[in-house]
file target.cif (mmCIF, C-alpha atoms and all ligand atoms)
data_target
#
loop_
_atom_site.label_atom_id
_atom_site.label_comp_id
_atom_site.auth_asym_id
_atom_site.auth_seq_id
_atom_site.Cartn_x
_atom_site.Cartn_y
_atom_site.Cartn_z
CA MET J 13 -20.98 33.72 -24.45
CA PRO J 14 -22.22 30.71 -22.41
CA THR J 15 -22.87 31.01 -18.70
CA ILE J 16 -21.26 28.62 -16.22
CA VAL J 17 -22.24 28.24 -12.59
CA GLN J 18 -19.28 27.34 -10.40
CA ALA J 19 -20.92 25.76 -7.35
CA VAL J 20 -17.76 24.38 -5.72
CA PRO J 21 -14.57 26.19 -4.69
CA ILE J 22 -11.73 25.76 -7.21
CA GLU J 23 -8.24 27.20 -7.63
CA ASP J 24 -7.74 30.52 -9.41
CA GLU J 25 -6.20 28.94 -12.52
CA LEU J 26 -9.17 26.59 -12.86
CA HIS J 27 -11.57 29.49 -12.36
CA ASP J 28 -9.68 31.33 -15.12
CA MET J 29 -10.26 28.38 -17.46
CA LEU J 30 -13.99 28.68 -16.80
CA ALA J 31 -13.86 32.45 -17.30
CA GLU J 32 -12.22 32.01 -20.73
CA ALA J 33 -15.07 29.74 -21.79
CA GLY J 34 -17.99 31.75 -20.45
CA ASP J 35 -19.46 34.14 -17.91
CA VAL J 36 -18.92 32.53 -14.53
CA ARG J 37 -21.30 32.82 -11.59
CA VAL J 38 -19.67 31.64 -8.37
CA VAL J 39 -22.01 30.31 -5.71
CA ASP J 40 -21.95 27.99 -2.71
CA GLY J 41 -23.81 24.96 -4.06
CA ARG J 42 -24.87 23.97 -0.54
CA ASP J 43 -26.98 27.14 -0.33
CA ARG J 44 -30.01 25.96 -2.30
CA GLY J 45 -31.62 29.39 -2.60
CA ALA J 46 -28.45 31.05 -3.88
CA PHE J 47 -27.79 28.12 -6.22
CA LEU J 48 -31.28 28.35 -7.77
CA GLU J 49 -30.79 32.08 -8.26
CA ALA J 50 -27.42 31.54 -9.96
CA VAL J 51 -28.53 28.68 -12.18
CA LYS J 52 -31.13 30.71 -14.14
CA ASP J 53 -30.52 30.31 -17.89
CA THR J 54 -27.09 28.79 -17.37
CA ASP J 55 -25.39 26.46 -19.86
CA GLY J 56 -23.16 24.50 -17.53
CA VAL J 57 -22.73 23.73 -13.84
CA LEU J 58 -19.58 22.65 -12.03
CA LEU J 59 -20.61 21.03 -8.75
CA SER J 60 -20.09 18.39 -6.12
CA PRO J 61 -22.46 15.41 -5.82
CA LEU J 62 -24.08 17.16 -2.86
CA VAL J 63 -25.84 19.59 -5.22
CA LYS J 64 -29.15 18.29 -6.51
CA ILE J 65 -30.09 18.73 -10.18
CA ASP J 66 -33.83 18.22 -10.53
CA GLN J 67 -36.87 19.54 -12.40
CA GLN J 68 -36.70 22.84 -10.48
CA VAL J 69 -33.19 23.43 -11.84
CA VAL J 70 -34.07 22.37 -15.37
CA ASP J 71 -37.11 24.69 -15.38
CA LEU J 72 -34.82 27.58 -14.43
CA ALA J 73 -32.12 26.59 -16.92
CA PRO J 74 -33.84 25.17 -20.00
CA ASN J 75 -30.59 25.37 -22.03
CA LEU J 76 -28.50 23.51 -19.46
CA LYS J 77 -26.04 21.36 -21.43
CA VAL J 78 -23.67 19.95 -18.85
CA VAL J 79 -23.44 19.06 -15.20
CA ALA J 80 -19.83 18.30 -14.25
CA THR J 81 -19.31 16.66 -10.87
CA THR J 82 -16.00 16.60 -9.02
CA SER J 83 -16.48 12.89 -8.29
CA VAL J 84 -16.27 9.61 -10.18
CA GLY J 85 -19.34 8.20 -8.42
CA PHE J 86 -22.57 9.50 -9.91
CA ASP J 87 -25.14 7.63 -7.82
CA ALA J 88 -26.33 10.98 -6.41
CA PHE J 89 -27.57 12.01 -9.88
CA ASP J 90 -30.70 10.91 -11.73
CA VAL J 91 -28.98 9.89 -14.97
CA PRO J 92 -32.14 8.96 -16.95
CA PHE J 93 -33.64 12.35 -15.98
CA LEU J 94 -30.54 14.25 -17.13
CA THR J 95 -30.34 12.23 -20.35
CA ALA J 96 -34.04 12.79 -21.08
CA ASN J 97 -33.37 16.52 -20.77
CA GLY J 98 -30.32 16.37 -23.05
CA ILE J 99 -27.92 17.25 -20.22
CA ALA J 100 -24.46 15.69 -20.25
CA LEU J 101 -23.30 14.32 -16.89
CA CYS J 102 -19.50 14.39 -16.62
CA ASN J 103 -17.49 12.74 -13.84
CA THR J 104 -13.83 12.24 -12.91
CA PRO J 105 -12.78 8.64 -13.57
CA GLY J 106 -9.18 7.47 -13.38
CA VAL J 107 -7.50 10.41 -11.66
CA LEU J 108 -8.51 9.11 -8.24
CA SER J 109 -8.06 5.36 -8.69
CA ALA J 110 -4.55 5.27 -7.18
CA ALA J 111 -5.60 7.20 -4.07
CA VAL J 112 -8.54 4.91 -3.36
CA ALA J 113 -6.43 1.81 -4.07
CA ASP J 114 -3.76 3.10 -1.68
CA LEU J 115 -6.37 3.51 1.05
CA THR J 116 -7.68 0.01 0.38
CA MET J 117 -4.17 -1.40 0.82
CA ALA J 118 -3.77 0.66 3.98
CA PHE J 119 -6.88 -1.03 5.38
CA LEU J 120 -5.53 -4.41 4.31
CA LEU J 121 -2.22 -3.82 6.11
CA MET J 122 -3.79 -2.26 9.20
CA LEU J 123 -6.15 -5.22 9.56
CA SER J 124 -3.79 -8.07 8.73
CA ARG J 125 -0.81 -6.68 10.67
CA HIS J 126 -2.94 -5.60 13.69
CA LEU J 127 -1.48 -2.11 13.36
CA MET J 128 -4.22 -0.40 15.36
CA GLU J 129 -3.64 -2.79 18.28
CA PHE J 130 0.15 -2.28 18.25
CA GLU J 131 -0.27 1.47 17.98
CA ALA J 132 -2.69 1.54 20.92
CA TYR J 133 -0.28 -0.64 22.93
CA ASN J 134 2.50 1.87 22.41
CA ARG J 135 0.34 4.97 22.89
CA SER J 136 -0.88 3.67 26.25
CA GLY J 137 2.69 3.02 27.39
CA GLY J 138 2.42 -0.76 27.15
CA TRP J 139 5.83 -1.16 25.53
CA GLY J 140 7.54 1.01 28.13
CA ARG J 141 5.90 -0.97 30.92
CA ARG J 142 7.02 -4.21 29.22
CA GLU J 143 3.42 -5.43 29.02
CA PRO J 144 2.81 -8.51 26.85
CA TYR J 145 2.62 -7.68 23.14
CA PRO J 146 -0.74 -7.87 21.35
CA ALA J 147 -1.21 -11.13 19.43
CA LEU J 148 1.04 -11.75 16.44
CA ALA J 149 -0.46 -10.67 13.14
CA ASN J 150 -0.60 -12.27 9.67
CA ASP J 151 1.21 -11.62 6.40
CA PRO J 152 -0.71 -10.54 3.32
CA LEU J 153 1.99 -12.42 1.36
CA GLY J 154 0.53 -15.63 -0.04
CA LYS J 155 -3.02 -14.71 0.98
CA THR J 156 -5.97 -14.26 -1.38
CA ILE J 157 -7.83 -11.03 -2.05
CA GLY J 158 -11.19 -11.11 -3.77
CA ILE J 159 -12.11 -7.96 -5.64
CA VAL J 160 -15.81 -7.32 -6.10
CA GLY J 161 -16.18 -4.87 -9.00
CA PHE J 162 -13.14 -5.18 -11.25
CA GLY J 163 -13.27 -1.67 -12.71
CA ARG J 164 -10.66 1.07 -12.59
CA ILE J 165 -10.18 1.14 -8.79
CA GLY J 166 -10.60 -2.62 -8.40
CA GLN J 167 -7.84 -3.22 -10.98
CA GLU J 168 -5.60 -0.66 -9.30
CA VAL J 169 -6.03 -2.56 -6.03
CA ALA J 170 -5.24 -5.80 -7.88
CA ARG J 171 -1.94 -4.31 -9.14
CA ARG J 172 -0.90 -3.47 -5.59
CA ALA J 173 -2.00 -6.88 -4.29
CA VAL J 174 -0.02 -8.72 -7.00
CA PHE J 175 3.02 -6.64 -6.03
CA ALA J 176 2.46 -7.67 -2.39
CA GLY J 177 2.60 -11.34 -3.39
CA MET J 178 -1.11 -12.00 -3.06
CA LYS J 179 -3.37 -14.17 -5.18
CA VAL J 180 -6.08 -12.04 -6.76
CA LEU J 181 -9.63 -13.13 -7.55
CA TRP J 182 -12.23 -10.91 -9.16
CA TYR J 183 -15.96 -10.79 -9.73
CA ASP J 184 -17.84 -8.31 -11.89
CA ILE J 185 -21.03 -8.17 -13.91
CA TYR J 186 -18.98 -8.05 -17.11
CA ASP J 187 -17.22 -11.16 -18.42
CA ASN J 188 -13.92 -10.09 -19.93
CA PRO J 189 -11.48 -7.68 -18.31
CA PRO J 190 -9.43 -5.28 -20.47
CA SER J 191 -6.21 -6.66 -21.95
CA ASP J 192 -4.05 -4.55 -19.61
CA ALA J 193 -5.79 -5.80 -16.43
CA PRO J 194 -3.43 -7.24 -13.81
CA PRO J 195 -3.19 -11.04 -13.49
CA ALA J 196 -6.24 -12.24 -11.59
CA GLU J 197 -8.65 -15.15 -11.70
CA LYS J 198 -12.36 -14.76 -12.29
CA ARG J 199 -14.80 -16.33 -9.86
CA THR J 200 -18.51 -16.26 -9.15
CA LEU J 201 -19.34 -13.99 -6.22
CA ASP J 202 -20.01 -16.98 -3.94
CA GLU J 203 -16.72 -18.67 -4.89
CA LEU J 204 -14.81 -15.44 -4.33
CA LEU J 205 -16.36 -14.92 -0.91
CA ALA J 206 -15.54 -18.47 0.18
CA GLU J 207 -11.93 -18.45 -1.08
CA SER J 208 -10.74 -14.97 -0.07
CA ASP J 209 -8.82 -13.85 3.00
CA PHE J 210 -9.74 -10.25 2.13
CA VAL J 211 -12.89 -9.26 0.26
CA SER J 212 -12.66 -5.74 -1.13
CA VAL J 213 -15.70 -4.01 -2.62
CA HIS J 214 -15.19 -1.64 -5.59
CA THR J 215 -18.49 -1.57 -7.48
CA ASP J 216 -20.24 1.61 -8.38
CA LEU J 217 -23.54 1.97 -6.52
CA ASN J 218 -26.48 0.92 -8.67
CA GLN J 219 -29.57 -1.21 -8.25
CA SER J 220 -27.60 -4.44 -8.71
CA SER J 221 -24.89 -3.54 -6.20
CA ARG J 222 -27.08 -2.12 -3.42
CA HIS J 223 -26.75 -4.49 -0.43
CA MET J 224 -24.97 -7.02 -2.65
CA ILE J 225 -22.95 -8.00 0.43
CA GLY J 226 -25.52 -9.03 3.02
CA ALA J 227 -25.96 -11.69 5.71
CA ARG J 228 -25.95 -14.54 3.17
CA GLU J 229 -22.76 -13.33 1.50
CA ILE J 230 -20.94 -12.64 4.79
CA ALA J 231 -21.86 -16.14 5.97
CA LEU J 232 -19.94 -17.53 2.97
CA MET J 233 -16.71 -15.79 4.07
CA LYS J 234 -13.97 -17.51 6.08
CA PRO J 235 -14.10 -16.76 9.83
CA THR J 236 -10.54 -15.42 9.46
CA ALA J 237 -11.40 -13.12 6.53
CA TYR J 238 -11.69 -9.32 6.46
CA LEU J 239 -14.19 -7.22 4.50
CA ILE J 240 -13.02 -3.89 3.09
CA ASN J 241 -15.37 -1.35 1.54
CA THR J 242 -14.04 1.80 -0.10
CA SER J 243 -16.84 2.06 -2.70
CA ARG J 244 -20.23 3.19 -1.41
CA GLY J 245 -21.77 2.36 1.97
CA PRO J 246 -25.02 0.87 0.64
CA ALA J 247 -23.13 -1.80 -1.34
CA VAL J 248 -22.87 -3.57 2.04
CA ASP J 249 -25.82 -4.27 4.34
CA GLN J 250 -24.36 -2.46 7.34
CA LYS J 251 -26.72 -3.98 9.90
CA ALA J 252 -25.88 -7.49 8.68
CA LEU J 253 -22.17 -6.66 8.78
CA HIS J 254 -22.48 -5.23 12.27
CA ASP J 255 -24.20 -8.37 13.52
CA ALA J 256 -21.63 -10.64 11.85
CA LEU J 257 -18.76 -8.67 13.41
CA VAL J 258 -20.32 -8.76 16.88
CA ALA J 259 -20.67 -12.53 16.51
CA ASN J 260 -17.03 -12.79 15.26
CA GLN J 261 -18.37 -14.49 12.15
CA ILE J 262 -15.52 -12.82 10.23
CA ALA J 263 -12.26 -11.38 11.57
CA GLY J 264 -12.97 -7.73 10.94
CA ALA J 265 -13.74 -4.93 8.51
CA GLY J 266 -12.27 -1.74 7.09
CA LEU J 267 -14.86 0.79 5.98
CA ASP J 268 -14.21 4.13 4.31
CA VAL J 269 -17.91 4.50 3.56
CA LEU J 270 -21.10 3.95 5.55
CA GLU J 271 -24.75 3.63 4.62
CA ASP J 272 -25.55 7.05 6.13
CA GLU J 273 -22.94 9.77 5.77
CA PRO J 274 -22.17 11.43 8.02
CA PRO J 275 -23.32 8.71 10.43
CA ASP J 276 -25.17 9.18 13.67
CA PRO J 277 -22.47 9.99 16.28
CA ASP J 278 -23.50 6.82 18.12
CA GLU J 279 -23.43 4.59 15.03
CA PRO J 280 -22.49 1.24 16.62
CA ILE J 281 -20.39 -0.21 13.79
CA VAL J 282 -17.85 2.61 14.17
CA LYS J 283 -17.20 1.60 17.77
CA LEU J 284 -16.65 -2.15 17.29
CA PRO J 285 -13.16 -3.37 18.24
CA ASN J 286 -12.73 -5.40 15.03
CA VAL J 287 -13.60 -2.50 12.70
CA ILE J 288 -11.58 0.39 11.32
CA THR J 289 -13.58 3.22 9.79
CA PHE J 290 -12.58 6.41 8.02
CA PRO J 291 -14.81 9.39 7.16
CA HIS J 292 -14.95 8.78 3.36
CA ILE J 293 -11.34 9.83 2.66
CA GLY J 294 -10.56 7.63 -0.35
CA THR J 295 -9.59 10.65 -2.45
CA ALA J 296 -8.63 13.01 0.37
CA THR J 297 -5.17 14.05 -0.80
CA GLU J 298 -4.17 17.45 -2.15
CA GLU J 299 -2.97 15.98 -5.46
CA THR J 300 -5.96 13.78 -6.14
CA ARG J 301 -8.61 16.31 -5.13
CA TYR J 302 -6.90 18.89 -7.37
CA ALA J 303 -6.86 16.42 -10.27
CA MET J 304 -10.57 15.80 -9.74
CA ARG J 305 -11.41 19.53 -9.72
CA ALA J 306 -9.23 20.09 -12.79
CA LEU J 307 -10.84 17.27 -14.77
CA ALA J 308 -14.33 18.45 -13.79
CA THR J 309 -13.40 21.98 -14.88
CA ARG J 310 -12.11 20.75 -18.26
CA ASN J 311 -15.29 18.71 -18.68
CA VAL J 312 -17.61 21.67 -18.24
CA VAL J 313 -15.44 23.89 -20.44
CA ASN J 314 -15.31 21.28 -23.19
CA VAL J 315 -19.06 20.79 -23.33
CA VAL J 316 -20.06 24.47 -23.22
CA THR J 317 -17.52 25.23 -26.00
CA GLY J 318 -18.86 22.45 -28.21
CA ASN J 319 -16.03 19.97 -27.65
CA HIS J 320 -16.15 16.41 -26.36
CA PRO J 321 -15.42 16.05 -22.64
CA GLU J 322 -12.72 13.68 -21.40
CA ALA J 323 -15.27 11.82 -19.29
CA ILE J 324 -19.01 11.51 -19.66
CA VAL J 325 -21.54 9.19 -18.05
CA ASN J 326 -24.26 9.55 -20.73
CA PRO J 327 -22.41 10.08 -24.05
CA GLU J 328 -25.62 9.52 -26.01
CA VAL J 329 -26.74 13.09 -25.26
CA LEU J 330 -23.83 14.46 -27.31
CA GLY J 331 -24.67 12.27 -30.30
P1 LIG T 401 -15.70 1.68 -12.46
O1 LIG T 401 -16.96 1.98 -13.17
O2 LIG T 401 -14.41 1.69 -13.26
O3 LIG T 401 -15.77 0.25 -11.72
C1 LIG T 401 -16.94 -0.22 -11.13
C2 LIG T 401 -17.06 -1.69 -11.50
O4 LIG T 401 -18.12 -2.27 -10.74
C3 LIG T 401 -17.43 -1.89 -12.99
O5 LIG T 401 -16.51 -2.78 -13.60
C4 LIG T 401 -18.83 -2.48 -12.94
O6 LIG T 401 -19.10 -3.39 -14.00
C5 LIG T 401 -18.80 -3.17 -11.59
N1 LIG T 401 -20.13 -3.46 -11.05
C6 LIG T 401 -21.24 -2.67 -11.05
N2 LIG T 401 -22.26 -3.31 -10.46
C7 LIG T 401 -21.78 -4.52 -10.06
C8 LIG T 401 -22.34 -5.63 -9.41
N3 LIG T 401 -23.62 -5.64 -9.02
N4 LIG T 401 -21.57 -6.71 -9.19
C9 LIG T 401 -20.27 -6.71 -9.57
N5 LIG T 401 -19.66 -5.69 -10.21
C10 LIG T 401 -20.43 -4.61 -10.44
O7 LIG T 401 -15.61 2.71 -11.27
P2 LIG T 401 -14.32 3.11 -10.41
O8 LIG T 401 -13.69 4.32 -10.98
O9 LIG T 401 -13.51 1.87 -10.19
O10 LIG T 401 -15.06 3.54 -9.05
C11 LIG T 401 -15.84 2.61 -8.34
C12 LIG T 401 -16.63 3.28 -7.26
O11 LIG T 401 -15.77 3.63 -6.18
C13 LIG T 401 -17.27 4.61 -7.65
O12 LIG T 401 -18.47 4.44 -8.36
C14 LIG T 401 -17.50 5.28 -6.30
O13 LIG T 401 -18.78 4.96 -5.82
C15 LIG T 401 -16.44 4.64 -5.42
N6 LIG T 401 -15.44 5.63 -5.00
C16 LIG T 401 -15.23 5.81 -3.67
C17 LIG T 401 -14.29 6.75 -3.25
C18 LIG T 401 -13.99 6.98 -1.81
O14 LIG T 401 -13.64 8.10 -1.46
N7 LIG T 401 -14.08 5.98 -0.96
C19 LIG T 401 -13.59 7.50 -4.20
C20 LIG T 401 -13.82 7.26 -5.54
C21 LIG T 401 -14.75 6.32 -5.93
#
call {"tool": "encode", "arguments": {"input": "target.cif", "output": "structure tokens"}}
result
Amino acid sequence: MPTIVQAVPIEDELHDMLAEAGDVRVVDGRDRGAFLEAVKDTDGVLLSPLVKIDQQVVDLAPNLKVVATTSVGFDAFDVPFLTANGIALCNTPGVLSAAVADLTMAFLLMLSRHLMEFEAYNRSGGWGRREPYPALANDPLGKTIGIVGFGRIGQEVARRAVFAGMKVLWYDIYDNPPSDAPPAEKRTLDELLAESDFVSVHTDLNQSSRHMIGAREIALMKPTAYLINTSRGPAVDQKALHDALVANQIAGAGLDVLEDEPPDPDEPIVKLPNVITFPHIGTATEETRYAMRALATRNVVNVVTGNHPEAIVNPEVLG
């Protein structure tokens, strides 16, 4: 019977799935000492990206076959290290794309329709006191959104933008989108930045995407344009963005992610009037988080029972 370490809380029925596949050790993955104790000689680990899998873990669990994270992003893991040790890394693509795309569109509407300003006006009693309205906003209809990273979430955003009557541009490091991709026009990154009214970042975080939006790129954007980032904080040079926003070089930004998470309580970009930030809530719905935990659970079960997982980052380890 294989051993599985469950290092994140999951529902009873998901725990039962693990228990049918192996002996389960439940531990709080944030407690490093307890995690290292639990991981000894285990075959699989179900975890969040906050749990580090390194040489210390591999030395304790030389038969470790699978690490299943409850996230789609896997930038917190050393993939070459896991692959070199024959460990499958499984993630949760697809089940969260709609939730992140919804949040992206929420940013787009909040920014373009000045919803924060109108809400603050009402909350402070401005309407009741018949104070002048905040400035009129702008329609997304007929505007252009440029999607940087035309993968699963980027395409899901494109579907919503097409429905909203927007023109959609995309840039990616691949050349040809899948046949079922929504209607959108390919551009170079510089062309996309110059033509878009909204630039929305959806790349995974890797060496090529780290700080891919910096001072030079922001300078190419229209002064009326908004930057939205729901991918990973380091994809955008936060200092450069801060400075551009202070100088009103672009109209504003919507950020679900920051370079340091959680940020310093005094992080200046969070306080700027032309910025809306959220505490990394792209997937923070009951339905989506459950779907992520369920897929991660199936992934670990599949690998420890000798089956192919539904999602794997490094399929080469399974042959
Ligand atoms: P995906 O792999 O389907 O899409 C990522 C796309 O980015 C790919 O098409 C890839 O080719 C492209 N890309 C990579 N590097 C690039 C570069 N330098 N320039 C242009 N394109 C580049 O992944 P996905 O499922 O769409 O998820 C995207 C990312 O969103 C995840 O990796 C994760 O970091 C982030 N995410 C954030 C939240 C949140 O809560 N805010 C939730 C889920 C995912």
call {"tool": "closest_residue", "arguments": {"input": "target.cif", "among": "J:Ile288, J:Leu153, J:Leu253, J:Val107", "to": "Ala306 of chain J", "atoms": "only C-alpha atoms"}}
result
J:Val107
call {"tool": "atom_distance", "arguments": {"input": "target.cif", "atom1": "atom CA of Met304 of chain J", "atom2": "atom CA of Trp182 of chain J"}}
result
26.8 Å
call {"tool": "closest_residue", "arguments": {"input": "target.cif", "among": "J:Gln18, J:Thr104, J:Thr54, J:Gln68", "to": "ligand LIG 401 (chain T)", "atoms": "all atoms listed in the file"}}
result
J:Thr104
call {"tool": "residues_near_ligand", "arguments": {"input": "target.cif", "ligand": "ligand LIG 401 (chain T)", "cutoff": "9 Å", "atoms": "all atoms listed in the file", "output": "ChimeraX atom specification"}}
result
/J:83-87,104-109,111-112,115-116,160-168,183-186,189,201,213-222,224,241-245,247,267-269,291-296
call {"tool": "write_last_selection", "arguments": {"input": "target.cif", "atoms": "C-alpha atoms", "output": "PDB file, in the coordinates of the input"}}
result
ATOM      1  CA  SER J  83     -16.480  12.890  -8.290  1.00  0.00           C
ATOM      2  CA  VAL J  84     -16.270   9.610 -10.180  1.00  0.00           C
ATOM      3  CA  GLY J  85     -19.340   8.200  -8.420  1.00  0.00           C
ATOM      4  CA  PHE J  86     -22.570   9.500  -9.910  1.00  0.00           C
ATOM      5  CA  ASP J  87     -25.140   7.630  -7.820  1.00  0.00           C
ATOM      6  CA  THR J 104     -13.830  12.240 -12.910  1.00  0.00           C
ATOM      7  CA  PRO J 105     -12.780   8.640 -13.570  1.00  0.00           C
ATOM      8  CA  GLY J 106      -9.180   7.470 -13.380  1.00  0.00           C
ATOM      9  CA  VAL J 107      -7.500  10.410 -11.660  1.00  0.00           C
ATOM     10  CA  LEU J 108      -8.510   9.110  -8.240  1.00  0.00           C
ATOM     11  CA  SER J 109      -8.060   5.360  -8.690  1.00  0.00           C
ATOM     12  CA  ALA J 111      -5.600   7.200  -4.070  1.00  0.00           C
ATOM     13  CA  VAL J 112      -8.540   4.910  -3.360  1.00  0.00           C
ATOM     14  CA  LEU J 115      -6.370   3.510   1.050  1.00  0.00           C
ATOM     15  CA  THR J 116      -7.680   0.010   0.380  1.00  0.00           C
ATOM     16  CA  VAL J 160     -15.810  -7.320  -6.100  1.00  0.00           C
ATOM     17  CA  GLY J 161     -16.180  -4.870  -9.000  1.00  0.00           C
ATOM     18  CA  PHE J 162     -13.140  -5.180 -11.250  1.00  0.00           C
ATOM     19  CA  GLY J 163     -13.270  -1.670 -12.710  1.00  0.00           C
ATOM     20  CA  ARG J 164     -10.660   1.070 -12.590  1.00  0.00           C
ATOM     21  CA  ILE J 165     -10.180   1.140  -8.790  1.00  0.00           C
ATOM     22  CA  GLY J 166     -10.600  -2.620  -8.400  1.00  0.00           C
ATOM     23  CA  GLN J 167      -7.840  -3.220 -10.980  1.00  0.00           C
ATOM     24  CA  GLU J 168      -5.600  -0.660  -9.300  1.00  0.00           C
ATOM     25  CA  TYR J 183     -15.960 -10.790  -9.730  1.00  0.00           C
ATOM     26  CA  ASP J 184     -17.840  -8.310 -11.890  1.00  0.00           C
ATOM     27  CA  ILE J 185     -21.030  -8.170 -13.910  1.00  0.00           C
ATOM     28  CA  TYR J 186     -18.980  -8.050 -17.110  1.00  0.00           C
ATOM     29  CA  PRO J 189     -11.480  -7.680 -18.310  1.00  0.00           C
ATOM     30  CA  LEU J 201     -19.340 -13.990  -6.220  1.00  0.00           C
ATOM     31  CA  VAL J 213     -15.700  -4.010  -2.620  1.00  0.00           C
ATOM     32  CA  HIS J 214     -15.190  -1.640  -5.590  1.00  0.00           C
ATOM     33  CA  THR J 215     -18.490  -1.570  -7.480  1.00  0.00           C
ATOM     34  CA  ASP J 216     -20.240   1.610  -8.380  1.00  0.00           C
ATOM     35  CA  LEU J 217     -23.540   1.970  -6.520  1.00  0.00           C
ATOM     36  CA  ASN J 218     -26.480   0.920  -8.670  1.00  0.00           C
ATOM     37  CA  GLN J 219     -29.570  -1.210  -8.250  1.00  0.00           C
ATOM     38  CA  SER J 220     -27.600  -4.440  -8.710  1.00  0.00           C
ATOM     39  CA  SER J 221     -24.890  -3.540  -6.200  1.00  0.00           C
ATOM     40  CA  ARG J 222     -27.080  -2.120  -3.420  1.00  0.00           C
ATOM     41  CA  MET J 224     -24.970  -7.020  -2.650  1.00  0.00           C
ATOM     42  CA  ASN J 241     -15.370  -1.350   1.540  1.00  0.00           C
ATOM     43  CA  THR J 242     -14.040   1.800  -0.100  1.00  0.00           C
ATOM     44  CA  SER J 243     -16.840   2.060  -2.700  1.00  0.00           C
ATOM     45  CA  ARG J 244     -20.230   3.190  -1.410  1.00  0.00           C
ATOM     46  CA  GLY J 245     -21.770   2.360   1.970  1.00  0.00           C
ATOM     47  CA  ALA J 247     -23.130  -1.800  -1.340  1.00  0.00           C
ATOM     48  CA  LEU J 267     -14.860   0.790   5.980  1.00  0.00           C
ATOM     49  CA  ASP J 268     -14.210   4.130   4.310  1.00  0.00           C
ATOM     50  CA  VAL J 269     -17.910   4.500   3.560  1.00  0.00           C
ATOM     51  CA  PRO J 291     -14.810   9.390   7.160  1.00  0.00           C
ATOM     52  CA  HIS J 292     -14.950   8.780   3.360  1.00  0.00           C
ATOM     53  CA  ILE J 293     -11.340   9.830   2.660  1.00  0.00           C
ATOM     54  CA  GLY J 294     -10.560   7.630  -0.350  1.00  0.00           C
ATOM     55  CA  THR J 295      -9.590  10.650  -2.450  1.00  0.00           C
ATOM     56  CA  ALA J 296      -8.630  13.010   0.370  1.00  0.00           C
TER      57      ALA J 296
END
call {"tool": "atom_distance", "arguments": {"input": "target.cif", "atom1": "atom CA of Asn75 of chain J", "atom2": "atom CA of Asp53 of chain J"}}
result
6.4 Å
call {"tool": "residues_near_point", "arguments": {"input": "target.cif", "point": "(-16.3, -6.3, 15.0)", "cutoff": "9 Å", "atoms": "all atoms listed in the file", "output": "number ranges by chain"}}
result
J: 253-265, 281, 283-288
call {"tool": "residues_around", "arguments": {"input": "target.cif", "residues": "Asp202 of chain J", "least_positions_apart": "3", "cutoff": "10 Å", "atoms": "all atoms listed in the file", "output": "ChimeraX atom specification"}}
result
/J:183,199,205-207,228-230,232-233
call {"tool": "residues_around", "arguments": {"input": "target.cif", "residues": "segment 170-172 of chain J", "least_positions_apart": "5", "cutoff": "8 Å", "atoms": "all atoms listed in the file", "output": "list in words"}}
result
Ala113, Met117, Ile159, Val180, Pro194, Pro195 and Ala196 of chain J
call {"tool": "closest_residue", "arguments": {"input": "target.cif", "among": "J:Lys179, J:Lys77, J:Arg42, J:Lys155", "to": "Ser60 of chain J", "atoms": "all atoms listed in the file"}}
result
J:Arg42
call {"tool": "atom_distance", "arguments": {"input": "target.cif", "atom1": "atom CA of Ala46 of chain J", "atom2": "atom CA of Lys64 of chain J"}}
result
13.0 Å
call {"tool": "closest_residue", "arguments": {"input": "target.cif", "among": "J:Arg125, J:Arg305, J:Arg44, J:Arg37", "to": "Val57 of chain J", "atoms": "all atoms listed in the file"}}
result
J:Arg37
call {"tool": "closest_residue", "arguments": {"input": "target.cif", "among": "J:Arg310, J:Lys251, J:Lys198, J:His223", "to": "His27 of chain J", "atoms": "all atoms listed in the file"}}
result
J:Arg310
call {"tool": "axis_aligned_box", "arguments": {"input": "target.cif", "around": "segment 197-211 of chain J", "padding_each_side": "4 Å", "output": "JSON"}}
result
{"center_x": -14.3, "center_y": -14.0, "center_z": -4.6, "size_x": 19.4, "size_y": 17.4, "size_z": 23.3}
call {"tool": "residues_around", "arguments": {"input": "target.cif", "residues": "segment 314-319 of chain J", "least_positions_apart": "3", "cutoff": "10 Å", "atoms": "all atoms listed in the file", "output": "number ranges by chain"}}
result
J: 13-16, 30, 33-34, 55-57, 76-80, 100, 102, 308-311, 322, 324, 330
call {"tool": "closest_residue", "arguments": {"input": "target.cif", "among": "J:Leu239, J:Leu72, J:Val39, J:Met122", "to": "Lys52 of chain J", "atoms": "all atoms listed in the file"}}
result
J:Leu72
call {"tool": "residues_near_point", "arguments": {"input": "target.cif", "point": "(-24.6, 11.3, -20.6)", "cutoff": "10 Å", "atoms": "all atoms listed in the file", "output": "PyMOL selection string"}}
result
chain J and resi 78-79+91-92+94-96+98-103+323-331
call {"tool": "residues_around", "arguments": {"input": "target.cif", "residues": "Ile157 of chain J", "least_positions_apart": "5", "cutoff": "6 Å", "atoms": "all atoms listed in the file", "output": "list of chain:residue names"}}
result
J:Val180, J:Ser208, J:Asp209, J:Phe210, J:Val211
